[in-house]
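Colleague: Can you read through this structure? Questions will come right after.
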Amino acid sequence: MTDISQASDVFTAGADALAEARRHQRIQQRRARISAILRYAILFGVGLVMLYPLIWLVGASFKTNAEIFANPGFIPREPTTEGYVQGWETSTPYTFGRFFWNSFLIILPKTIGTAISCTMVAYGFARFDFPLKKLLFTSVIAILLLPNVVTRIPQYILFRELGWLDSFLPLWVPSAMAGDAFFVFMLVQFLRAIPDDMEQAARVDGCNSWQTLLFVVVPMLAPALISVCLFQFMWTMNDFLGPLIYISSVDKYPVSLALKLSIDTTEAFEWNRILAMSVLTITPALAVFFMAQKYFIEGISAGGIKG
């Protein structure tokens, strides 16, 4: 009887412990669900606050000019595409398609030139030893910290003497010569985080430095290069001051300057046209970013692994 009583006590104690463990597990799961709900609610609220201007912009582009000021909400009462139709025609002899084409003519060479030149310069800093290397790299960092406005006047004078004003050359050439120090620094940091074992093996197999760079290093740099191209694409698409300084002909204006043409000096302009063209202007940058978001985040995070 004693053995049976002891076994019963052990069984009861085990059952109580199991029930307590399950109750504790349910409490933990409930707390985890509540915590997840709170996190997502906070993220949704913050995201909505950050995205509301963009949502309002899209909604207001389908309003009439009068409704924009009468209806503060983002949902138009009587949706219309008047702003898109009239805004596309512009007040110049050219449609907005011409200005998009000019932006493409600026962005494509600038992005390609940046990727090629910055890759070569970064590879030289990361993998080779040469005289004054530390001094030159310090100069790159100093240029990175230097405000762009400081170099505007010297650059303008230089390009004026070269006869490049009112052309795309002042926008192309600096990028093709690794003039963007930020991208050089970013690629150098990425290369320092990559072991050079494969490069050494390629040299043993007979590859020279250019072949090693093209066939070994560039494929490993793909995430960082995509990040560089995305940064350059978005910055160039949004650049207003550069084209404003160097381009004077309306037929060469990019979309950033074309939007300014919609604003009349008499303040009697149609806001729905400006908002509609603004939506079209930011659409390519948003589309490119979301399509390459995975590689963009990978390139940014991998570049900061090792200093």
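Each chain of the structure tokens is named A, B, ... in the order shown, its residues numbered from 1; ligands are numbered from 1 in display order.
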Region 195-199 of chain A: which residues within 8 Å, counting only C-alpha atoms, same-chain residues fewer than 5 positions away excluded, as a list in words?

Modeller: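 Listing them by chain and then by number gives Thr212, Val216 and Val217 of chain A.
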
Colleague: Per residue of region 240-284 of chain A within 10 Å of region 225-236 of chain A, what are the shortest atom pair and its distance in Å to one decimal, counting only C-alpha atoms, with rows by chain and residue number, as a tab-separated table?

Modeller:
residue	atom	partner	partner_atom	distance
A:Phe240	CA	A:Thr236	CA	8.5
A:Gly242	CA	A:Thr236	CA	9.0
A:Pro243	CA	A:Thr236	CA	9.6
A:Pro254	CA	A:Thr236	CA	9.8
A:Ser256	CA	A:Thr236	CA	9.4
A:Ile282	CA	A:Met234	CA	9.1
A:Pro284	CA	A:Met234	CA	9.0

Colleague: What does the structure give for the distance between CA of Gln293 (chain A) and CA of Val188 (chain A), in Å to one decimal?

Modeller: 21.5 Å

Colleague: Please provide as a list in words all residues within 6 Å of region 105-117 of chain A, with the sequence filter that same-chain residues fewer than 2 positions apart are discarded (counting only C-alpha atoms).

Modeller: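 Within the cut-off, the hits are Asn102, Ser103, Thr119, Met120, Trp172, Ser175, Ala176, Met177, Ala178, Cys229 and Gln232 of chain A.
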
Colleague: For the residues selected in the previous step, produce a file with all heavy atoms as a PDB file, in the first residue's frame.

Modeller:
ATOM      1  N   ASN A 102      15.498  63.126 -71.495  1.00  0.00           N
ATOM      2  CA  ASN A 102      16.710  63.844 -71.085  1.00  0.00           C
ATOM      3  C   ASN A 102      17.242  63.316 -69.750  1.00  0.00           C
ATOM      4  O   ASN A 102      18.462  63.173 -69.568  1.00  0.00           O
ATOM      5  CB  ASN A 102      16.408  65.340 -70.966  1.00  0.00           C
ATOM      6  CG  ASN A 102      16.134  65.990 -72.303  1.00  0.00           C
ATOM      7  OD1 ASN A 102      16.539  65.486 -73.344  1.00  0.00           O
ATOM      8  ND2 ASN A 102      15.426  67.109 -72.280  1.00  0.00           N
ATOM      9  N   SER A 103      16.342  63.026 -68.827  1.00  0.00           N
ATOM     10  CA  SER A 103      16.766  62.442 -67.549  1.00  0.00           C
ATOM     11  C   SER A 103      17.443  61.099 -67.767  1.00  0.00           C
ATOM     12  O   SER A 103      18.457  60.782 -67.128  1.00  0.00           O
ATOM     13  CB  SER A 103      15.564  62.280 -66.614  1.00  0.00           C
ATOM     14  OG  SER A 103      15.038  63.525 -66.241  1.00  0.00           O
ATOM     15  N   THR A 119      34.646  51.318 -59.066  1.00  0.00           N
ATOM     16  CA  THR A 119      35.116  49.943 -58.848  1.00  0.00           C
ATOM     17  C   THR A 119      36.623  49.844 -59.043  1.00  0.00           C
ATOM     18  O   THR A 119      37.332  49.222 -58.237  1.00  0.00           O
ATOM     19  CB  THR A 119      34.398  48.981 -59.798  1.00  0.00           C
ATOM     20  OG1 THR A 119      32.994  49.012 -59.543  1.00  0.00           O
ATOM     21  CG2 THR A 119      34.907  47.558 -59.622  1.00  0.00           C
ATOM     22  N   MET A 120      37.135  50.463 -60.101  1.00  0.00           N
ATOM     23  CA  MET A 120      38.573  50.405 -60.366  1.00  0.00           C
ATOM     24  C   MET A 120      39.365  51.122 -59.276  1.00  0.00           C
ATOM     25  O   MET A 120      40.388  50.608 -58.792  1.00  0.00           O
ATOM     26  CB  MET A 120      38.871  51.019 -61.732  1.00  0.00           C
ATOM     27  CG  MET A 120      38.345  50.198 -62.902  1.00  0.00           C
ATOM     28  SD  MET A 120      38.926  50.782 -64.512  1.00  0.00           S
ATOM     29  CE  MET A 120      38.147  52.392 -64.580  1.00  0.00           C
ATOM     30  N   TRP A 172      28.226  64.208 -66.579  1.00  0.00           N
ATOM     31  CA  TRP A 172      28.760  62.870 -66.854  1.00  0.00           C
ATOM     32  C   TRP A 172      30.200  62.692 -66.366  1.00  0.00           C
ATOM     33  O   TRP A 172      30.515  61.723 -65.677  1.00  0.00           O
ATOM     34  CB  TRP A 172      28.749  62.604 -68.357  1.00  0.00           C
ATOM     35  CG  TRP A 172      27.407  62.429 -68.978  1.00  0.00           C
ATOM     36  CD1 TRP A 172      26.234  62.143 -68.332  1.00  0.00           C
ATOM     37  CD2 TRP A 172      27.093  62.538 -70.365  1.00  0.00           C
ATOM     38  NE1 TRP A 172      25.206  62.063 -69.230  1.00  0.00           N
ATOM     39  CE2 TRP A 172      25.693  62.291 -70.490  1.00  0.00           C
ATOM     40  CE3 TRP A 172      27.825  62.800 -71.513  1.00  0.00           C
ATOM     41  CZ2 TRP A 172      25.051  62.326 -71.718  1.00  0.00           C
ATOM     42  CZ3 TRP A 172      27.184  62.826 -72.734  1.00  0.00           C
ATOM     43  CH2 TRP A 172      25.809  62.592 -72.829  1.00  0.00           C
ATOM     44  N   SER A 175      31.530  61.901 -62.668  1.00  0.00           N
ATOM     45  CA  SER A 175      31.166  60.550 -62.218  1.00  0.00           C
ATOM     46  C   SER A 175      31.993  59.493 -62.931  1.00  0.00           C
ATOM     47  O   SER A 175      32.334  58.459 -62.347  1.00  0.00           O
ATOM     48  CB  SER A 175      29.677  60.302 -62.460  1.00  0.00           C
ATOM     49  OG  SER A 175      28.891  61.192 -61.691  1.00  0.00           O
ATOM     50  N   ALA A 176      32.314  59.715 -64.210  1.00  0.00           N
ATOM     51  CA  ALA A 176      33.125  58.753 -64.961  1.00  0.00           C
ATOM     52  C   ALA A 176      34.567  58.734 -64.496  1.00  0.00           C
ATOM     53  O   ALA A 176      35.317  57.814 -64.855  1.00  0.00           O
ATOM     54  CB  ALA A 176      33.068  59.070 -66.459  1.00  0.00           C
ATOM     55  N   MET A 177      34.972  59.730 -63.703  1.00  0.00           N
ATOM     56  CA  MET A 177      36.343  59.788 -63.173  1.00  0.00           C
ATOM     57  C   MET A 177      36.357  59.578 -61.661  1.00  0.00           C
ATOM     58  O   MET A 177      37.236  60.079 -60.968  1.00  0.00           O
ATOM     59  CB  MET A 177      36.978  61.128 -63.540  1.00  0.00           C
ATOM     60  CG  MET A 177      37.065  61.369 -65.041  1.00  0.00           C
ATOM     61  SD  MET A 177      37.833  62.938 -65.474  1.00  0.00           S
ATOM     62  CE  MET A 177      39.521  62.639 -64.936  1.00  0.00           C
ATOM     63  N   ALA A 178      35.387  58.815 -61.168  1.00  0.00           N
ATOM     64  CA  ALA A 178      35.308  58.472 -59.739  1.00  0.00           C
ATOM     65  C   ALA A 178      35.244  59.717 -58.869  1.00  0.00           C
ATOM     66  O   ALA A 178      35.883  59.798 -57.814  1.00  0.00           O
ATOM     67  CB  ALA A 178      36.476  57.579 -59.325  1.00  0.00           C
ATOM     68  N   CYS A 229      24.643  51.722 -57.931  1.00  0.00           N
ATOM     69  CA  CYS A 229      23.809  52.150 -59.064  1.00  0.00           C
ATOM     70  C   CYS A 229      22.465  52.698 -58.587  1.00  0.00           C
ATOM     71  O   CYS A 229      21.953  53.680 -59.148  1.00  0.00           O
ATOM     72  CB  CYS A 229      23.603  50.986 -60.023  1.00  0.00           C
ATOM     73  SG  CYS A 229      25.109  50.457 -60.884  1.00  0.00           S
ATOM     74  N   GLN A 232      23.068  56.193 -57.074  1.00  0.00           N
ATOM     75  CA  GLN A 232      23.332  57.166 -58.135  1.00  0.00           C
ATOM     76  C   GLN A 232      22.078  57.453 -58.947  1.00  0.00           C
ATOM     77  O   GLN A 232      21.816  58.604 -59.326  1.00  0.00           O
ATOM     78  CB  GLN A 232      24.447  56.649 -59.054  1.00  0.00           C
ATOM     79  CG  GLN A 232      24.948  57.664 -60.067  1.00  0.00           C
ATOM     80  CD  GLN A 232      25.588  58.860 -59.408  1.00  0.00           C
ATOM     81  OE1 GLN A 232      24.906  59.804 -58.995  1.00  0.00           O
ATOM     82  NE2 GLN A 232      26.912  58.836 -59.306  1.00  0.00           N
TER      83      GLN A 232
END

Colleague: So, with only C-alpha atoms as the atoms that count, which of A:Ala258, A:Ala36, A:Leu286, A:Ala41 lies closest to Arg98 (chain A)?

Modeller: A:Ala258

Colleague: Measure the distance from CA of Arg160 (chain A) to CA of Pro174 (chain A) in Å and round it to one decimal.

Modeller: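 Spanning CA of Arg160 (chain A) to CA of Pro174 (chain A) is a straight-line distance of 14.5 Å.
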
Colleague: Between A:Cys118, A:Met277, A:Ala287, A:Val184, which is the closest to Gly83 (chain A) once you count only C-alpha atoms?

Modeller: A:Met277

Colleague: Quick one: residues within 9 Å of region 65-72 of chain A, only C-alpha atoms counted, chain neighbours fewer than 6 positions away excluded, as a ChimeraX atom specification?

Modeller: /A:56,78,83,270-273

Colleague: DSSP on the backbone: what in region 50-190 of chain A comes out helix (DSSP H, G or I), as number ranges by chain?

Modeller: A: 50-60, 65-70, 82-89, 96-127, 133-145, 148-162, 169-176, 181-190

Colleague: Check the smallest atom-to-atom distance from each of A:Gly179, A:Pro219, A:Gly87, A:Gly163 to Ser278 (chain A) using only C-alpha atoms, then report the winner.

Modeller: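 The answer is A:Gly87, which sits nearest to Ser278 (chain A).
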